[in-house]
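Student: Okay, so here is my_file09.pdb, and as you'll see once you scroll down, it has PDB, C-alpha atoms, pLDDT in the B column.
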MODEL        1
ATOM      1  CA  MET A   1     110.643  75.786 138.820  1.00 85.00           C
ATOM      2  CA  GLY A   2     110.093  72.130 139.689  1.00 84.00           C
ATOM      3  CA  ARG A   3     107.119  72.882 141.917  1.00 86.00           C
ATOM      4  CA  VAL A   4     105.553  75.053 139.211  1.00 90.00           C
ATOM      5  CA  ALA A   5     105.945  72.223 136.694  1.00 89.00           C
ATOM      6  CA  ALA A   6     104.514  69.755 139.209  1.00 88.00           C
ATOM      7  CA  LYS A   7     101.462  71.964 139.704  1.00 88.00           C
ATOM      8  CA  LEU A   8     100.937  72.246 135.954  1.00 88.00           C
ATOM      9  CA  LEU A   9     101.151  68.452 135.710  1.00 88.00           C
ATOM     10  CA  ASP A  10      98.773  67.914 138.668  1.00 87.00           C
ATOM     11  CA  ALA A  11     101.428  65.781 140.351  1.00 87.00           C
ATOM     12  CA  GLU A  12     100.223  63.834 143.380  1.00 87.00           C
ATOM     13  CA  LYS A  13     103.581  64.000 145.171  1.00 89.00           C
ATOM     14  CA  VAL A  14     106.728  66.094 144.753  1.00 91.00           C
ATOM     15  CA  LEU A  15     110.275  65.475 145.986  1.00 90.00           C
ATOM     16  CA  ALA A  16     112.283  68.707 145.818  1.00 84.00           C
ATOM     17  CA  LYS A  17     116.027  68.002 145.920  1.00 79.00           C
ATOM     18  CA  ALA A  18     117.339  71.131 144.174  1.00 75.00           C
ATOM     19  CA  LYS A  19     120.398  72.637 145.853  1.00 76.00           C
ATOM     20  CA  ALA A  20     122.538  75.443 144.503  1.00 74.00           C
ATOM     21  CA  ARG A  21     126.105  74.705 143.452  1.00 84.00           C
ATOM     22  CA  LEU A  22     125.958  70.896 143.571  1.00 90.00           C
ATOM     23  CA  LEU A  23     128.234  69.209 141.062  1.00 94.00           C
ATOM     24  CA  VAL A  24     126.670  66.403 139.045  1.00 94.00           C
ATOM     25  CA  SER A  25     128.930  63.984 140.943  1.00 93.00           C
ATOM     26  CA  GLU A  26     127.387  65.219 144.200  1.00 92.00           C
ATOM     27  CA  VAL A  27     123.910  64.851 142.704  1.00 90.00           C
ATOM     28  CA  ARG A  28     124.784  61.253 141.935  1.00 89.00           C
ATOM     29  CA  GLN A  29     125.710  60.622 145.579  1.00 88.00           C
ATOM     30  CA  GLY A  30     122.233  61.710 146.667  1.00 85.00           C
ATOM     31  CA  LEU A  31     120.245  59.710 144.112  1.00 91.00           C
ATOM     32  CA  SER A  32     119.201  57.027 146.612  1.00 90.00           C
ATOM     33  CA  LYS A  33     116.399  59.220 147.973  1.00 90.00           C
ATOM     34  CA  VAL A  34     115.156  59.909 144.459  1.00 90.00           C
ATOM     35  CA  VAL A  35     115.182  56.188 143.675  1.00 89.00           C
ATOM     36  CA  GLU A  36     113.282  55.439 146.905  1.00 91.00           C
ATOM     37  CA  PHE A  37     110.673  58.056 145.973  1.00 92.00           C
ATOM     38  CA  GLN A  38     109.911  56.136 142.744  1.00 91.00           C
ATOM     39  CA  PRO A  39     109.070  59.195 140.617  1.00 92.00           C
ATOM     40  CA  ASP A  40     107.403  59.088 137.220  1.00 91.00           C
ATOM     41  CA  LEU A  41     109.305  62.194 136.130  1.00 93.00           C
ATOM     42  CA  VAL A  42     112.669  63.628 137.138  1.00 94.00           C
ATOM     43  CA  ILE A  43     113.670  67.191 136.225  1.00 95.00           C
ATOM     44  CA  LEU A  44     117.454  67.557 136.213  1.00 94.00           C
ATOM     45  CA  SER A  45     119.144  70.934 135.837  1.00 93.00           C
ATOM     46  CA  SER A  46     122.820  70.417 135.112  1.00 91.00           C
ATOM     47  CA  GLY A  47     125.923  71.908 133.520  1.00 94.00           C
ATOM     48  CA  ASN A  48     126.084  75.386 135.035  1.00 94.00           C
ATOM     49  CA  VAL A  49     128.065  74.699 138.201  1.00 94.00           C
ATOM     50  CA  GLU A  50     130.514  72.461 136.364  1.00 96.00           C
ATOM     51  CA  ALA A  51     131.166  74.779 133.393  1.00 97.00           C
ATOM     52  CA  PHE A  52     131.517  78.229 134.999  1.00 96.00           C
ATOM     53  CA  LEU A  53     135.061  79.599 134.905  1.00 96.00           C
ATOM     54  CA  HIS A  54     136.415  81.040 138.150  1.00 96.00           C
ATOM     55  CA  PRO A  55     139.506  83.222 138.662  1.00 96.00           C
ATOM     56  CA  HIS A  56     142.818  81.356 138.735  1.00 95.00           C
ATOM     57  CA  ARG A  57     143.347  79.403 141.956  1.00 95.00           C
ATOM     58  CA  VAL A  58     146.397  81.510 142.829  1.00 95.00           C
ATOM     59  CA  ILE A  59     144.223  84.643 142.642  1.00 95.00           C
ATOM     60  CA  GLU A  60     141.476  82.914 144.596  1.00 95.00           C
ATOM     61  CA  LYS A  61     143.945  81.908 147.285  1.00 95.00           C
ATOM     62  CA  ALA A  62     145.346  85.451 147.532  1.00 95.00           C
ATOM     63  CA  VAL A  63     141.860  86.953 147.828  1.00 95.00           C
ATOM     64  CA  GLY A  64     140.987  84.347 150.434  1.00 93.00           C
ATOM     65  CA  ARG A  65     144.003  85.405 152.483  1.00 94.00           C
ATOM     66  CA  PHE A  66     143.965  89.169 152.030  1.00 94.00           C
ATOM     67  CA  GLY A  67     140.582  90.118 150.543  1.00 92.00           C
ATOM     68  CA  PRO A  68     137.229  91.003 152.125  1.00 93.00           C
ATOM     69  CA  THR A  69     135.137  88.082 153.363  1.00 92.00           C
ATOM     70  CA  GLY A  70     132.433  88.649 150.751  1.00 93.00           C
ATOM     71  CA  TRP A  71     134.992  88.291 147.942  1.00 96.00           C
ATOM     72  CA  GLN A  72     136.319  84.877 148.972  1.00 94.00           C
ATOM     73  CA  GLY A  73     135.680  81.473 147.438  1.00 92.00           C
ATOM     74  CA  ASP A  74     135.107  80.385 143.853  1.00 91.00           C
ATOM     75  CA  VAL A  75     132.021  82.617 143.454  1.00 93.00           C
ATOM     76  CA  GLY A  76     133.318  85.488 145.588  1.00 94.00           C
ATOM     77  CA  MET A  77     133.754  87.806 142.604  1.00 96.00           C
ATOM     78  CA  ASP A  78     130.461  86.946 140.923  1.00 96.00           C
ATOM     79  CA  PRO A  79     127.861  89.729 140.548  1.00 96.00           C
ATOM     80  CA  ARG A  80     124.880  89.829 142.875  1.00 95.00           C
ATOM     81  CA  PRO A  81     121.701  88.277 141.426  1.00 95.00           C
ATOM     82  CA  TYR A  82     119.486  90.697 143.381  1.00 95.00           C
ATOM     83  CA  PHE A  83     119.732  93.742 145.638  1.00 97.00           C
ATOM     84  CA  SER A  84     118.257  95.055 148.862  1.00 97.00           C
ATOM     85  CA  THR A  85     114.911  96.847 148.847  1.00 97.00           C
ATOM     86  CA  ASP A  86     116.580  99.602 150.880  1.00 97.00           C
ATOM     87  CA  PRO A  87     117.783 102.176 148.284  1.00 97.00           C
ATOM     88  CA  GLU A  88     120.950 103.188 150.125  1.00 97.00           C
ATOM     89  CA  LYS A  89     121.988  99.592 150.818  1.00 97.00           C
ATOM     90  CA  ALA A  90     121.128  98.629 147.235  1.00 97.00           C
ATOM     91  CA  ARG A  91     123.411 101.358 145.864  1.00 97.00           C
ATOM     92  CA  GLU A  92     126.248 100.115 148.070  1.00 97.00           C
ATOM     93  CA  GLN A  93     125.661  96.525 146.938  1.00 97.00           C
ATOM     94  CA  LEU A  94     125.570  97.605 143.304  1.00 97.00           C
ATOM     95  CA  ARG A  95     128.885  99.467 143.617  1.00 97.00           C
ATOM     96  CA  GLU A  96     130.554  96.442 145.202  1.00 97.00           C
ATOM     97  CA  SER A  97     129.042  94.075 142.624  1.00 97.00           C
ATOM     98  CA  ARG A  98     130.343  96.211 139.755  1.00 97.00           C
ATOM     99  CA  LEU A  99     133.780  96.405 141.376  1.00 97.00           C
ATOM    100  CA  LYS A 100     133.924  92.626 141.788  1.00 97.00           C
ATOM    101  CA  VAL A 101     133.113  92.081 138.117  1.00 97.00           C
ATOM    102  CA  ALA A 102     135.677  94.655 136.999  1.00 97.00           C
ATOM    103  CA  VAL A 103     138.395  93.032 139.128  1.00 96.00           C
ATOM    104  CA  LYS A 104     137.413  89.562 137.932  1.00 97.00           C
ATOM    105  CA  ASN A 105     137.762  90.645 134.309  1.00 96.00           C
ATOM    106  CA  ALA A 106     141.101  92.307 135.063  1.00 96.00           C
ATOM    107  CA  VAL A 107     142.605  89.162 136.610  1.00 96.00           C
ATOM    108  CA  MET A 108     141.044  86.534 134.340  1.00 96.00           C
ATOM    109  CA  ARG A 109     141.980  88.040 130.992  1.00 91.00           C
ATOM    110  CA  PRO A 110     145.739  87.683 131.589  1.00 93.00           C
ATOM    111  CA  PHE A 111     145.721  84.713 133.991  1.00 93.00           C
ATOM    112  CA  GLY A 112     142.701  82.646 132.923  1.00 93.00           C
ATOM    113  CA  GLY A 113     140.659  80.553 135.300  1.00 95.00           C
ATOM    114  CA  TYR A 114     139.476  77.083 136.234  1.00 96.00           C
ATOM    115  CA  THR A 115     136.282  75.025 136.288  1.00 97.00           C
ATOM    116  CA  ARG A 116     135.130  72.905 139.207  1.00 95.00           C
ATOM    117  CA  MET A 117     134.884  69.868 136.907  1.00 96.00           C
ATOM    118  CA  SER A 118     136.521  68.917 133.630  1.00 97.00           C
ATOM    119  CA  LEU A 119     134.377  68.244 130.579  1.00 97.00           C
ATOM    120  CA  THR A 120     135.525  64.611 130.530  1.00 97.00           C
ATOM    121  CA  ASP A 121     134.575  64.056 134.172  1.00 97.00           C
ATOM    122  CA  PHE A 122     131.273  65.826 133.631  1.00 97.00           C
ATOM    123  CA  ALA A 123     130.387  63.563 130.713  1.00 97.00           C
ATOM    124  CA  SER A 124     131.196  60.475 132.775  1.00 97.00           C
ATOM    125  CA  GLU A 125     129.228  61.577 135.843  1.00 96.00           C
ATOM    126  CA  PHE A 126     126.286  62.890 133.817  1.00 97.00           C
ATOM    127  CA  THR A 127     126.067  59.581 131.968  1.00 97.00           C
ATOM    128  CA  ALA A 128     126.120  57.678 135.256  1.00 96.00           C
ATOM    129  CA  VAL A 129     123.325  59.833 136.712  1.00 96.00           C
ATOM    130  CA  LEU A 130     121.112  59.231 133.674  1.00 96.00           C
ATOM    131  CA  ASP A 131     121.865  55.500 133.790  1.00 96.00           C
ATOM    132  CA  GLU A 132     120.690  55.302 137.407  1.00 94.00           C
ATOM    133  CA  LEU A 133     117.600  57.414 136.790  1.00 94.00           C
ATOM    134  CA  GLU A 134     116.600  55.382 133.747  1.00 93.00           C
ATOM    135  CA  GLU A 135     116.781  52.193 135.817  1.00 92.00           C
ATOM    136  CA  THR A 136     113.888  53.554 137.914  1.00 91.00           C
ATOM    137  CA  GLY A 137     111.666  53.680 134.824  1.00 92.00           C
ATOM    138  CA  ALA A 138     111.126  57.420 135.257  1.00 93.00           C
ATOM    139  CA  ALA A 139     111.058  59.867 132.389  1.00 93.00           C
ATOM    140  CA  VAL A 140     113.828  62.474 132.681  1.00 95.00           C
ATOM    141  CA  VAL A 141     113.857  66.062 131.463  1.00 96.00           C
ATOM    142  CA  VAL A 142     117.301  67.688 131.461  1.00 96.00           C
ATOM    143  CA  LEU A 143     117.550  71.477 131.576  1.00 96.00           C
ATOM    144  CA  GLY A 144     120.807  72.582 129.984  1.00 96.00           C
ATOM    145  CA  PRO A 145     123.117  75.407 131.088  1.00 94.00           C
ATOM    146  CA  SER A 146     122.004  79.035 130.989  1.00 91.00           C
ATOM    147  CA  LYS A 147     123.273  81.738 128.678  1.00 92.00           C
ATOM    148  CA  VAL A 148     125.301  84.270 130.677  1.00 94.00           C
ATOM    149  CA  SER A 149     126.874  87.684 130.216  1.00 94.00           C
ATOM    150  CA  GLU A 150     130.424  87.408 128.887  1.00 94.00           C
ATOM    151  CA  TYR A 151     131.366  90.476 130.921  1.00 95.00           C
ATOM    152  CA  TYR A 152     129.817  89.347 134.208  1.00 96.00           C
ATOM    153  CA  PHE A 153     131.218  85.821 133.746  1.00 96.00           C
ATOM    154  CA  PRO A 154     134.367  86.043 131.567  1.00 96.00           C
ATOM    155  CA  TYR A 155     134.919  83.046 129.240  1.00 95.00           C
ATOM    156  CA  SER A 156     132.051  81.107 130.847  1.00 97.00           C
ATOM    157  CA  ASP A 157     129.415  81.394 128.137  1.00 95.00           C
ATOM    158  CA  ARG A 158     131.394  79.545 125.477  1.00 95.00           C
ATOM    159  CA  ASN A 159     132.300  76.867 128.025  1.00 96.00           C
ATOM    160  CA  LEU A 160     128.657  76.459 129.044  1.00 97.00           C
ATOM    161  CA  ALA A 161     127.853  75.891 125.372  1.00 97.00           C
ATOM    162  CA  ARG A 162     130.555  73.182 125.175  1.00 97.00           C
ATOM    163  CA  PHE A 163     129.114  71.352 128.172  1.00 97.00           C
ATOM    164  CA  GLU A 164     125.616  71.568 126.705  1.00 97.00           C
ATOM    165  CA  ARG A 165     126.724  69.994 123.423  1.00 97.00           C
ATOM    166  CA  VAL A 166     128.060  67.009 125.391  1.00 97.00           C
ATOM    167  CA  GLN A 167     124.775  66.800 127.303  1.00 97.00           C
ATOM    168  CA  GLN A 168     122.816  66.738 124.063  1.00 97.00           C
ATOM    169  CA  GLU A 169     125.011  63.979 122.617  1.00 97.00           C
ATOM    170  CA  ILE A 170     124.520  61.827 125.731  1.00 98.00           C
ATOM    171  CA  VAL A 171     120.758  62.416 125.861  1.00 97.00           C
ATOM    172  CA  ALA A 172     120.204  61.843 122.123  1.00 96.00           C
ATOM    173  CA  THR A 173     120.330  58.029 122.347  1.00 93.00           C
ATOM    174  CA  ARG A 174     117.971  57.720 125.331  1.00 95.00           C
ATOM    175  CA  ALA A 175     114.294  57.131 124.617  1.00 92.00           C
ATOM    176  CA  ARG A 176     112.945  58.356 127.971  1.00 93.00           C
ATOM    177  CA  VAL A 177     115.196  61.392 128.363  1.00 95.00           C
ATOM    178  CA  ARG A 178     114.585  64.823 126.848  1.00 95.00           C
ATOM    179  CA  HIS A 179     116.959  67.780 126.769  1.00 96.00           C
ATOM    180  CA  ILE A 180     115.738  71.377 126.883  1.00 96.00           C
ATOM    181  CA  SER A 181     118.164  74.095 125.824  1.00 95.00           C
ATOM    182  CA  VAL A 182     117.732  77.029 128.185  1.00 93.00           C
ATOM    183  CA  ARG A 183     120.172  79.315 126.382  1.00 90.00           C
ATOM    184  CA  ASP A 184     117.709  80.650 123.819  1.00 88.00           C
ATOM    185  CA  LEU A 185     114.540  79.844 125.742  1.00 94.00           C
ATOM    186  CA  VAL A 186     114.659  82.364 128.598  1.00 92.00           C
ATOM    187  CA  PRO A 187     114.816  86.008 127.407  1.00 90.00           C
ATOM    188  CA  TYR A 188     118.264  87.187 128.365  1.00 80.00           C
ATOM    189  CA  ARG A 189     117.477  90.604 129.820  1.00 82.00           C
ATOM    190  CA  THR A 190     113.819  90.405 130.850  1.00 91.00           C
ATOM    191  CA  GLU A 191     113.521  87.024 132.575  1.00 94.00           C
ATOM    192  CA  GLN A 192     116.928  86.782 134.243  1.00 94.00           C
ATOM    193  CA  GLN A 193     117.965  88.209 137.596  1.00 95.00           C
ATOM    194  CA  ALA A 194     120.385  91.127 137.879  1.00 95.00           C
ATOM    195  CA  ASP A 195     123.428  88.904 137.271  1.00 95.00           C
ATOM    196  CA  LEU A 196     122.025  87.887 133.858  1.00 93.00           C
ATOM    197  CA  ALA A 197     122.597  84.249 134.760  1.00 93.00           C
ATOM    198  CA  HIS A 198     119.768  83.050 137.016  1.00 92.00           C
ATOM    199  CA  PRO A 199     116.118  83.034 135.880  1.00 94.00           C
ATOM    200  CA  ASN A 200     113.696  85.268 137.763  1.00 94.00           C
ATOM    201  CA  VAL A 201     110.106  84.262 138.612  1.00 94.00           C
ATOM    202  CA  ALA A 202     108.959  84.728 135.010  1.00 95.00           C
ATOM    203  CA  GLY A 203     111.985  82.784 133.759  1.00 95.00           C
ATOM    204  CA  HIS A 204     111.256  79.858 136.075  1.00 94.00           C
ATOM    205  CA  ALA A 205     107.625  79.845 134.939  1.00 95.00           C
ATOM    206  CA  ARG A 206     108.777  79.687 131.313  1.00 95.00           C
ATOM    207  CA  LEU A 207     111.078  76.758 132.111  1.00 95.00           C
ATOM    208  CA  ALA A 208     108.226  74.945 133.869  1.00 94.00           C
ATOM    209  CA  ARG A 209     106.000  75.348 130.805  1.00 94.00           C
ATOM    210  CA  ALA A 210     108.806  74.001 128.615  1.00 94.00           C
ATOM    211  CA  VAL A 211     109.116  70.921 130.830  1.00 94.00           C
ATOM    212  CA  VAL A 212     105.380  70.295 130.655  1.00 93.00           C
ATOM    213  CA  ALA A 213     105.464  70.648 126.855  1.00 92.00           C
ATOM    214  CA  ASN A 214     108.035  67.847 126.694  1.00 89.00           C
ATOM    215  CA  VAL A 215     106.117  65.223 128.671  1.00 85.00           C
ATOM    216  CA  ARG A 216     102.824  63.403 128.221  1.00 73.00           C
ATOM    217  CA  VAL A 217     100.904  62.439 131.354  1.00 63.00           C
ATOM    218  CA  MET A 218      98.952  59.191 131.031  1.00 57.00           C
ATOM    219  CA  GLU A 219      97.838  59.126 134.696  1.00 56.00           C
ATOM    220  CA  PRO A 220      98.512  61.132 137.921  1.00 53.00           C
ATOM    221  CA  ALA A 221     102.274  61.532 138.244  1.00 52.00           C
ATOM    222  CA  THR A 222     104.893  61.953 140.942  1.00 58.00           C
ATOM    223  CA  VAL A 223     107.738  64.349 140.263  1.00 60.00           C
ATOM    224  CA  GLY A 224     111.248  64.114 141.703  1.00 61.00           C
TER     225      GLY A 224
ENDMDL
END
Would it be possible to restate this file's structure as structure tokens?
Tutor:
Amino acid sequence: MGRVAAKLLDAEKVLAKAKARLLVSEVRQGLSKVVEFQPDLVILSSGNVEAFLHPHRVIEKAVGRFGPTGWQGDVGMDPRPYFSTDPEKAREQLRESRLKVAVKNAVMRPFGGYTRMSLTDFASEFTAVLDELEETGAAVVVLGPSKVSEYYFPYSDRNLARFERVQQEIVATRARVRHISVRDLVPYRTEQQADLAHPNVAGHARLARAVVANVRVMEPATVG
């Protein structure tokens, strides 16, 4: 998405630092390279990794000890975002993906789950990241958490909304920071991948256009 936005903005240079599953605290640890790059615009996607609910740690530990390798870890029971182009393999992947989601629902409804970061810690770390980025003089566009399927990701959607409200409160007082709510921006079933959580190519293009609509370029820009 960032590269698409950069192209639309005719950016002279681009620093791509996007990595899946980084907590905002881990993003903060890697900000030195962004600061060194001296960008005019920073696009920050945040709130998903921190707000997703995962099966209870006791369940996660048991699956890690006795379950199949592909089921282990905090995202081991998440649905697949995409499937093989081979029909037979795709059917097998789909069956396993559906089974994972069914088991996840079965264990989370009675036992609950956990997030990788508390809302309080998220607010603190998110504030610190924006403080450091604003010191560079760059404009910042924050992409909020996605809307997700309540069945594929039990209890996560309402928690994602809670984290986004905190984001919006923190951003509201900052003149050079804009927040874009992704929840109602990307069509839920036509521009998301199979897991109904991650944008597909069309979804990323829509996000890029939204970023561009929220900035005004006065001269050639660099994007971080």
Student: Taking the file as shown, find all residues satisfying the PyMOL selection byres ((chain A and resi 106) around 12) and write them as a list in words.
Tutor: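 With the shown file as input, the PyMOL selection byres ((chain A and resi 106) around 12) matches Pro55, His56, Ile59, Met77, Leu99, Lys100, Val101, Ala102, Val103, Lys104, Asn105, Val107, Met108, Arg109, Pro110, Phe111, Gly112, Gly113, Tyr151, Tyr152, Phe153 and Pro154 of chain A.
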Student: Just give me the gap between atom CA of Leu207 of chain A and atom CA of Val75 of chain A in Å, one decimal is fine.
Tutor: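 For atom CA of Leu207 of chain A relative to atom CA of Val75 of chain A, the distance reads 24.5 Å.
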Student: Counting only C-alpha atoms, figure out which residue out of A:Leu53, A:Ala139, A:Ala16, A:Ala90 gets nearest to Asp78 of chain A.
Tutor: A:Leu53
Student: Give one line per residue of segment 119-152 of chain A that approaches segment 159-163 of chain A to at most 9 Å, naming the two atoms of the closest pair and their distance in Å to one decimal, counting only C-alpha atoms; sort by chain then ascending residue number and deliver it as CSV.
Tutor:
residue,atom,partner,partner_atom,distance
A:Leu119,CA,A:Phe163,CA,6.6
A:Phe122,CA,A:Phe163,CA,8.1
A:Ala123,CA,A:Phe163,CA,8.3
A:Gly144,CA,A:Phe163,CA,8.6
A:Pro145,CA,A:Leu160,CA,6.0
A:Ser146,CA,A:Leu160,CA,7.4
A:Lys147,CA,A:Leu160,CA,7.5
A:Val148,CA,A:Leu160,CA,8.7
Student: Restricting the calculation to all atoms listed in the file: of A:Leu94, A:Ala138, A:Leu130, A:Ala197, which residue gets closest to Gln38 of chain A?
Tutor: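 For Gln38 of chain A, the nearest of the candidates is A:Ala138.
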Student: Kindly indicate which residue among A:Ala202, A:Leu133, A:Val49, A:Met1 lies nearest to Met117 of chain A, using all atoms listed in the file for the distances.
Tutor: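 Of A:Ala202, A:Leu133, A:Val49, A:Met1, the one nearest Met117 of chain A, counting all atoms listed in the file, is A:Val49.
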Student: What is the atom CA of Tyr114 of chain A-atom CA of His54 of chain A distance in Å, reported with one decimal?
Tutor: 5.4 Å
Student: Using all atoms listed in the file, which of A:Val215, A:Val186, A:Ala208, A:Ala20 sits nearest Leu8 of chain A?
Tutor: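 Of A:Val215, A:Val186, A:Ala208, A:Ala20, the one nearest Leu8 of chain A, counting all atoms listed in the file, is A:Ala208.
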Student: Please evaluate the PyMOL selection byres ((chain A and resi 22) around 12) against the displayed coordinates and give the resulting residues as a list in words.
Tutor: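 On the file shown, the PyMOL selection byres ((chain A and resi 22) around 12) covers Lys17, Ala18, Lys19, Ala20, Arg21, Leu23, Val24, Ser25, Glu26, Val27, Arg28, Gln29, Gly30, Leu44, Ser45, Ser46, Gly47, Asn48, Val49, Glu50, Arg116 and Met117 of chain A.
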Student: Rank nothing, just name the residue among A:Val171, A:Ala205, A:Val177, A:Ala210 nearest to Val4 of chain A, using all atoms listed in the file.
Tutor: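 The shortest atom-to-atom distance to Val4 of chain A comes from A:Ala205.
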Student: Pick from A:Arg174, A:Asp86, A:Ala5, A:Ser32: nearest to Arg209 of chain A, with all atoms listed in the file counted?
Tutor: A:Ala5
Student: To one decimal in Å, tell me the separation between atom CA of Leu41 of chain A and atom CA of Val141 of chain A.
Tutor: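 Atom CA of Val141 of chain A lies 7.6 Å from atom CA of Leu41 of chain A.
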Student: Just want the 10 Å neighbourhood of Thr190 of chain A, counted on only C-alpha atoms, with same-chain residues fewer than 5 positions away dropped. Output as a list of chain:residue names.
Tutor: A:Leu196, A:Pro199, A:Asn200, A:Ala202, A:Gly203
Student: Can you translate the PyMOL selection byres ((chain A and resi 136) around 12) into the concrete residues it hits in this file, as a count of residues only?
Tutor: 25
Student: Please give the centre and size of the box around segment 11-28 of chain A (axis-aligned, containing every atom listed in the file, 5 Å added per side), with values in Å to one decimal and written as JSON.
Tutor:
{"center_x": 114.6, "center_y": 68.3, "center_z": 142.5, "size_x": 38.7, "size_y": 24.2, "size_z": 16.9}
